[in-house]
Amino acid sequence: MQLNISNLNKTYDNGVKALDNIDLTISTGMFGLLGPNGAGKSTMMRTIATLQDPDEGTILLDDLDIRESPIELRKVLGYLPQEFGVYPNISAVELLNYFATLKGISSKKERGEMVKYLLEITNLMDARKKSVSSYSGGMKQRFGIAQMLLNNPKLIIVDEPTAGLDPAERRRFLNVLREIGSDHIVIFSTHIVEDVQELCNDMAIMNQGKILLRSSPLDAVSDLGGHIWTKVISKEEVESATGTYQVLSTSYNPDNSLNLRVYADHQPDGFNTATAELQDVYFTYLNGFKS
Ligand code: ADP
Ligand code: MG
């Protein structure tokens with residue numbers, strides 16, 4: 001299965017160009033859409049989910065033109081929006097049963113098995129009798145996944161699910177996505193590089209409505225090999241370094257010195273060679289050091 005996006009454009013009424021000539025092909029597996037706030041990720045996801053019209057462009061899911069056939073698309077779509085849903089004061093197991101009935105799964109046995117399976121893979125079995133409205137953010141996100149999977153969707157779109165989750169909840173959520181990723185197209189947006197690193201076999205970096213890089217995380221990291229350099233500097237040296245080098249990041253050491261990471265074709269004086277990481281890829285492309 002393949003999602004083919006071409007020439008996708010969207011300018012909001014306030015003049016913000018949220019999608020600027022996007023061309024993107026996404027295949028089966030876990031695809032990470034990585035970019036800072038305001039990059040255009042949610043706009044792109046709502047557009048693929050047929051909740052919002054672009055100004056221009058074509059989106060094909062295999063042969064299906066989703067702008068011409070939004071109803072067909074929605075039948076195979078699972079979409080978890082960025083905002084948490086507001087849930088009624090009903091237990092998770094009851095609510096899932098209810099949604100399953102709405103989906104037309106009329107056999108009680110079939111419904112029970114389905115609900116059990118979904119509670120298990122989203123790690124909510126122990127909390128199934130608690131009201132969903134009392135769930136933590138991470139539990140609500142996992143419940144959202146369970147609800148979405150009732151449809152048996154082929155195309156799954158999850159918009160910034162880990163934003164606002166604590167580390168343990170984030171880990172549980174990533175594990176749930178890992179379970180479902182293999183035979184669907186899963187498009188997963190995030191501003192957290194580690195999410196993509198841990199989960200995605202394919203990715204794009206997006207900013208200001210444009211795709212800056214389209215690659216697998218592995219290839220992207222290996223392409224930066226030999227271009228990342230590091231040096232320990234003092235706090236006072238940061239400003240001049242920023243003027244002199246293509247700075248990717250600085251991080252503090254316990255003694256208040258800083259590790260400076262820069263992008264350069266050749267080894268700058270006094271720098272050591274560093275092993276490239278996905279974080280370096282992100283900042284290299286966001287800063288336009290490489291295109
Ligand atoms: P992301 O999800 O990557 O944070 P969004 O798609 O939400 O990005 O937003 C992309 C840009 O479009 C931002 O500059 C945002 O302020 C703007 N934007 C989003 N929705 C609207 C809207 N309904 N009206 C006007 N501007 C919008
Ligand atoms: Mg967003």
# chains A, B, ... in the order shown; residues from 1 in each chain; ligands from 1

$ residues_near_ligand --ligand "ligand 1" --cutoff "9 Å" --atoms "only C-alpha atoms and all ligand atoms" --output "VMD selection string"
chain A and resid 10 to 19 34 to 46 82 159 to 160 189 to 191 206 to 209

$ residues_around --residues "A:Arg67" --least-positions-apart "6" --cutoff "9 Å" --atoms "only C-alpha atoms" --output "ChimeraX atom specification"
/A:48,50,53,58-60,73

$ write_last_selection --atoms "N, CA, C and O atoms" --output "short mmCIF file (atom, residue, chain, number, x, y, z; two decimals), in the first residue's frame"
data_model
loop_
_atom_site.label_atom_id
_atom_site.label_comp_id
_atom_site.auth_asym_id
_atom_site.auth_seq_id
_atom_site.Cartn_x
_atom_site.Cartn_y
_atom_site.Cartn_z
N ILE A 48 -4.90 14.94 4.79
CA ILE A 48 -4.91 13.52 4.39
C ILE A 48 -6.17 12.84 4.94
O ILE A 48 -6.77 11.99 4.30
N THR A 50 -8.98 14.01 5.15
CA THR A 50 -10.11 14.63 4.44
C THR A 50 -10.99 15.50 5.35
O THR A 50 -12.16 15.70 5.08
N ASP A 53 -9.74 20.85 3.22
CA ASP A 53 -9.38 20.87 1.80
C ASP A 53 -8.09 21.64 1.58
O ASP A 53 -7.90 22.70 2.14
N THR A 58 -2.90 16.62 -5.14
CA THR A 58 -3.52 15.32 -5.27
C THR A 58 -3.00 14.40 -4.17
O THR A 58 -1.82 14.43 -3.85
N ILE A 59 -3.92 13.63 -3.58
CA ILE A 59 -3.51 12.60 -2.62
C ILE A 59 -4.14 11.28 -3.05
O ILE A 59 -5.36 11.17 -3.15
N LEU A 60 -3.28 10.31 -3.33
CA LEU A 60 -3.76 8.98 -3.74
C LEU A 60 -3.38 7.95 -2.69
O LEU A 60 -2.23 7.90 -2.25
N LEU A 73 -12.15 6.87 1.63
CA LEU A 73 -10.94 7.01 2.44
C LEU A 73 -11.25 6.82 3.92
O LEU A 73 -10.56 6.10 4.64
#

$ closest_residue --among "A:Asn253, A:Ser134, A:Thr122, A:Thr162" --to "ligand 2" --atoms "only C-alpha atoms and all ligand atoms"
A:Thr162

$ residues_around --residues "A:Asp269" --least-positions-apart "4" --cutoff "12 Å" --atoms "only C-alpha atoms" --output "JSON, numbers by chain"
{"A": [229, 230, 231, 244, 245, 262, 264, 273]}

$ write_last_selection --atoms "N, CA, C and O atoms" --output "compact mmCIF listing (two decimals), in the first residue's frame"
# COMPACT_ATOMS: atom_id res chain seq x y z
N TRP A 229 31.22 17.73 14.25
CA TRP A 229 32.41 17.97 15.05
C TRP A 229 32.01 18.53 16.41
O TRP A 229 31.00 19.22 16.52
N THR A 230 32.85 18.24 17.39
CA THR A 230 32.48 18.67 18.73
C THR A 230 33.69 19.25 19.47
O THR A 230 34.85 18.91 19.19
N LYS A 231 33.38 20.14 20.40
CA LYS A 231 34.43 20.79 21.18
C LYS A 231 33.82 21.24 22.50
O LYS A 231 32.65 21.63 22.54
N THR A 244 30.81 32.01 14.23
CA THR A 244 31.89 31.44 13.43
C THR A 244 31.49 30.12 12.76
O THR A 244 31.85 29.88 11.61
N TYR A 245 30.77 29.28 13.49
CA TYR A 245 30.50 27.93 13.00
C TYR A 245 29.02 27.71 12.69
O TYR A 245 28.17 28.51 13.10
N VAL A 262 28.96 21.10 15.86
CA VAL A 262 28.84 21.91 14.66
C VAL A 262 28.82 21.01 13.41
O VAL A 262 29.26 19.87 13.43
N ALA A 264 30.26 20.81 9.60
CA ALA A 264 31.30 21.37 8.72
C ALA A 264 31.84 20.28 7.81
O ALA A 264 31.89 19.11 8.19
N THR A 273 36.25 14.78 16.10
CA THR A 273 35.22 14.17 15.28
C THR A 273 34.12 13.57 16.17
O THR A 273 34.40 13.06 17.25

$ residues_around --residues "A:Thr250" --least-positions-apart "6" --cutoff "8 Å" --atoms "only C-alpha atoms" --output "ChimeraX atom specification"
/A:258-261

$ residues_around --residues "A:Ser131" --least-positions-apart "6" --cutoff "7 Å" --atoms "only C-alpha atoms" --output "PDB file with N, CA and C atoms, in the first residue's frame"
ATOM      1  N   ASN A  89     -18.451   9.823  31.187  1.00  0.00           N
ATOM      2  CA  ASN A  89     -18.097   9.170  32.440  1.00  0.00           C
ATOM      3  C   ASN A  89     -18.496   7.688  32.402  1.00  0.00           C
ATOM      4  N   ILE A  90     -17.867   6.942  31.495  1.00  0.00           N
ATOM      5  CA  ILE A  90     -18.199   5.530  31.290  1.00  0.00           C
ATOM      6  C   ILE A  90     -16.889   4.757  31.270  1.00  0.00           C
ATOM      7  N   SER A  91     -16.914   3.519  31.751  1.00  0.00           N
ATOM      8  CA  SER A  91     -15.674   2.743  31.791  1.00  0.00           C
ATOM      9  C   SER A  91     -15.183   2.450  30.373  1.00  0.00           C
ATOM     10  N   ALA A  92     -13.880   2.187  30.283  1.00  0.00           N
ATOM     11  CA  ALA A  92     -13.247   1.941  28.991  1.00  0.00           C
ATOM     12  C   ALA A  92     -13.871   0.734  28.296  1.00  0.00           C
TER      13      ALA A  92
END

$ closest_residue --among "A:Val158, A:Val93, A:Leu199, A:Leu102" --to "A:Leu124" --atoms "only C-alpha atoms"
A:Val93

$ select_by_dssp --residues "stretch 54-139 of chain A" --states "strand (DSSP E or B)" --output "list of chain:residue names"
A:Glu56, A:Gly57, A:Thr58, A:Ile59, A:Leu60, A:Leu61, A:Leu64, A:Asp65, A:Leu77, A:Gly78, A:Tyr79, A:Leu80, A:Ser91, A:Ser131

$ closest_residue --among "A:Glu239, A:Glu83, A:Asp166, A:Asp280" --to "ligand 2" --atoms "only C-alpha atoms and all ligand atoms"
A:Glu83

$ closest_residue --among "A:Pro161, A:Gly104, A:Pro54, A:Pro88" --to "ligand 2" --atoms "only C-alpha atoms and all ligand atoms"
A:Pro161

$ residues_around --residues "A:Leu96" --least-positions-apart "3" --cutoff "12 Å" --atoms "only C-alpha atoms" --output "PyMOL selection string"
chain A and resi 87-88+90-93+99-103+105+111-119+124+128-129+131-132+143-151

$ atom_distance --atom1 "atom CA of A:Ser249" --atom2 "atom CA of A:Ile205"
17.3 Å

$ residues_around --residues "stretch 171-173 of chain A" --least-positions-apart "2" --cutoff "9 Å" --atoms "only C-alpha atoms" --output "PyMOL selection string"
chain A and resi 122-123+138-139+141-142+161-162+165-169+175-178

$ decode --residues "stretch 158-235 of chain A" --atoms "C-alpha atoms" --output "PDB file, in the first residue's frame"
ATOM      1  CA  VAL A 158      -1.584   9.946  14.768  1.00  0.00           C
ATOM      2  CA  ASP A 159      -0.902  13.630  15.385  1.00  0.00           C
ATOM      3  CA  GLU A 160       1.714  14.433  18.086  1.00  0.00           C
ATOM      4  CA  PRO A 161       0.558  11.714  20.487  1.00  0.00           C
ATOM      5  CA  THR A 162       3.590  11.972  22.758  1.00  0.00           C
ATOM      6  CA  ALA A 163       3.476  15.743  23.322  1.00  0.00           C
ATOM      7  CA  GLY A 164       2.683  16.304  26.988  1.00  0.00           C
ATOM      8  CA  LEU A 165       3.192  12.677  28.085  1.00  0.00           C
ATOM      9  CA  ASP A 166       5.579  11.875  30.923  1.00  0.00           C
ATOM     10  CA  PRO A 167       8.503   9.541  30.081  1.00  0.00           C
ATOM     11  CA  ALA A 168       6.799   6.338  31.281  1.00  0.00           C
ATOM     12  CA  GLU A 169       3.542   7.128  29.465  1.00  0.00           C
ATOM     13  CA  ARG A 170       5.459   8.087  26.352  1.00  0.00           C
ATOM     14  CA  ARG A 171       7.260   4.745  26.406  1.00  0.00           C
ATOM     15  CA  ARG A 172       3.994   2.804  26.798  1.00  0.00           C
ATOM     16  CA  PHE A 173       2.453   4.752  23.964  1.00  0.00           C
ATOM     17  CA  LEU A 174       5.402   4.129  21.620  1.00  0.00           C
ATOM     18  CA  ASN A 175       5.172   0.422  22.455  1.00  0.00           C
ATOM     19  CA  VAL A 176       1.501   0.395  21.456  1.00  0.00           C
ATOM     20  CA  LEU A 177       2.330   2.025  18.119  1.00  0.00           C
ATOM     21  CA  ARG A 178       5.159  -0.450  17.616  1.00  0.00           C
ATOM     22  CA  GLU A 179       2.645  -3.305  17.954  1.00  0.00           C
ATOM     23  CA  ILE A 180       0.367  -2.018  15.223  1.00  0.00           C
ATOM     24  CA  GLY A 181       2.926  -0.564  12.832  1.00  0.00           C
ATOM     25  CA  SER A 182       3.956  -3.465  10.667  1.00  0.00           C
ATOM     26  CA  ASP A 183       1.159  -4.050   8.146  1.00  0.00           C
ATOM     27  CA  HIS A 184      -0.422  -0.597   7.983  1.00  0.00           C
ATOM     28  CA  ILE A 185       0.712   2.816   6.873  1.00  0.00           C
ATOM     29  CA  VAL A 186       1.176   4.669  10.137  1.00  0.00           C
ATOM     30  CA  ILE A 187       1.957   8.380   9.893  1.00  0.00           C
ATOM     31  CA  PHE A 188       3.082   9.722  13.190  1.00  0.00           C
ATOM     32  CA  SER A 189       3.908  13.395  13.758  1.00  0.00           C
ATOM     33  CA  THR A 190       6.175  14.643  16.490  1.00  0.00           C
ATOM     34  CA  HIS A 191       8.612  17.382  17.409  1.00  0.00           C
ATOM     35  CA  ILE A 192      10.628  14.855  19.456  1.00  0.00           C
ATOM     36  CA  VAL A 193      13.582  13.398  17.560  1.00  0.00           C
ATOM     37  CA  GLU A 194      13.810  10.381  19.879  1.00  0.00           C
ATOM     38  CA  ASP A 195      10.257   9.328  18.929  1.00  0.00           C
ATOM     39  CA  VAL A 196      11.361   8.940  15.321  1.00  0.00           C
ATOM     40  CA  GLN A 197      14.652   7.376  16.310  1.00  0.00           C
ATOM     41  CA  GLU A 198      12.964   4.696  18.410  1.00  0.00           C
ATOM     42  CA  LEU A 199      10.012   3.925  16.213  1.00  0.00           C
ATOM     43  CA  CYS A 200      10.196   4.889  12.570  1.00  0.00           C
ATOM     44  CA  ASN A 201      11.742   3.130   9.604  1.00  0.00           C
ATOM     45  CA  ASP A 202      11.075   6.111   7.394  1.00  0.00           C
ATOM     46  CA  MET A 203      10.686   9.834   7.937  1.00  0.00           C
ATOM     47  CA  ALA A 204      10.440  13.383   6.674  1.00  0.00           C
ATOM     48  CA  ILE A 205      11.600  16.584   8.318  1.00  0.00           C
ATOM     49  CA  MET A 206       9.145  19.418   7.776  1.00  0.00           C
ATOM     50  CA  ASN A 207       9.295  23.143   8.468  1.00  0.00           C
ATOM     51  CA  GLN A 208       7.390  26.186   7.212  1.00  0.00           C
ATOM     52  CA  GLY A 209       5.185  24.050   5.029  1.00  0.00           C
ATOM     53  CA  LYS A 210       8.088  22.396   3.217  1.00  0.00           C
ATOM     54  CA  ILE A 211       9.662  18.949   3.306  1.00  0.00           C
ATOM     55  CA  LEU A 212      13.332  19.576   4.105  1.00  0.00           C
ATOM     56  CA  LEU A 213      14.467  15.952   4.082  1.00  0.00           C
ATOM     57  CA  ARG A 214      12.897  12.676   3.053  1.00  0.00           C
ATOM     58  CA  SER A 215      14.911   9.642   4.151  1.00  0.00           C
ATOM     59  CA  SER A 216      15.172   6.681   6.436  1.00  0.00           C
ATOM     60  CA  PRO A 217      16.627   7.682   9.811  1.00  0.00           C
ATOM     61  CA  LEU A 218      19.548   5.288   9.222  1.00  0.00           C
ATOM     62  CA  ASP A 219      20.460   6.755   5.834  1.00  0.00           C
ATOM     63  CA  ALA A 220      20.050  10.298   7.091  1.00  0.00           C
ATOM     64  CA  VAL A 221      22.477   9.659   9.935  1.00  0.00           C
ATOM     65  CA  SER A 222      24.990   7.867   7.746  1.00  0.00           C
ATOM     66  CA  ASP A 223      24.876  10.728   5.187  1.00  0.00           C
ATOM     67  CA  LEU A 224      26.093  13.120   7.887  1.00  0.00           C
ATOM     68  CA  GLY A 225      29.080  10.911   8.707  1.00  0.00           C
ATOM     69  CA  GLY A 226      32.321  12.949   8.770  1.00  0.00           C
ATOM     70  CA  HIS A 227      30.495  16.287   9.017  1.00  0.00           C
ATOM     71  CA  ILE A 228      29.787  16.512  12.734  1.00  0.00           C
ATOM     72  CA  TRP A 229      32.414  17.974  15.054  1.00  0.00           C
ATOM     73  CA  THR A 230      32.482  18.665  18.730  1.00  0.00           C
ATOM     74  CA  LYS A 231      34.428  20.790  21.183  1.00  0.00           C
ATOM     75  CA  VAL A 232      34.149  21.662  24.860  1.00  0.00           C
ATOM     76  CA  ILE A 233      33.854  25.427  25.315  1.00  0.00           C
ATOM     77  CA  SER A 234      33.087  27.874  28.103  1.00  0.00           C
ATOM     78  CA  LYS A 235      29.813  29.777  28.441  1.00  0.00           C
TER      79      LYS A 235
END
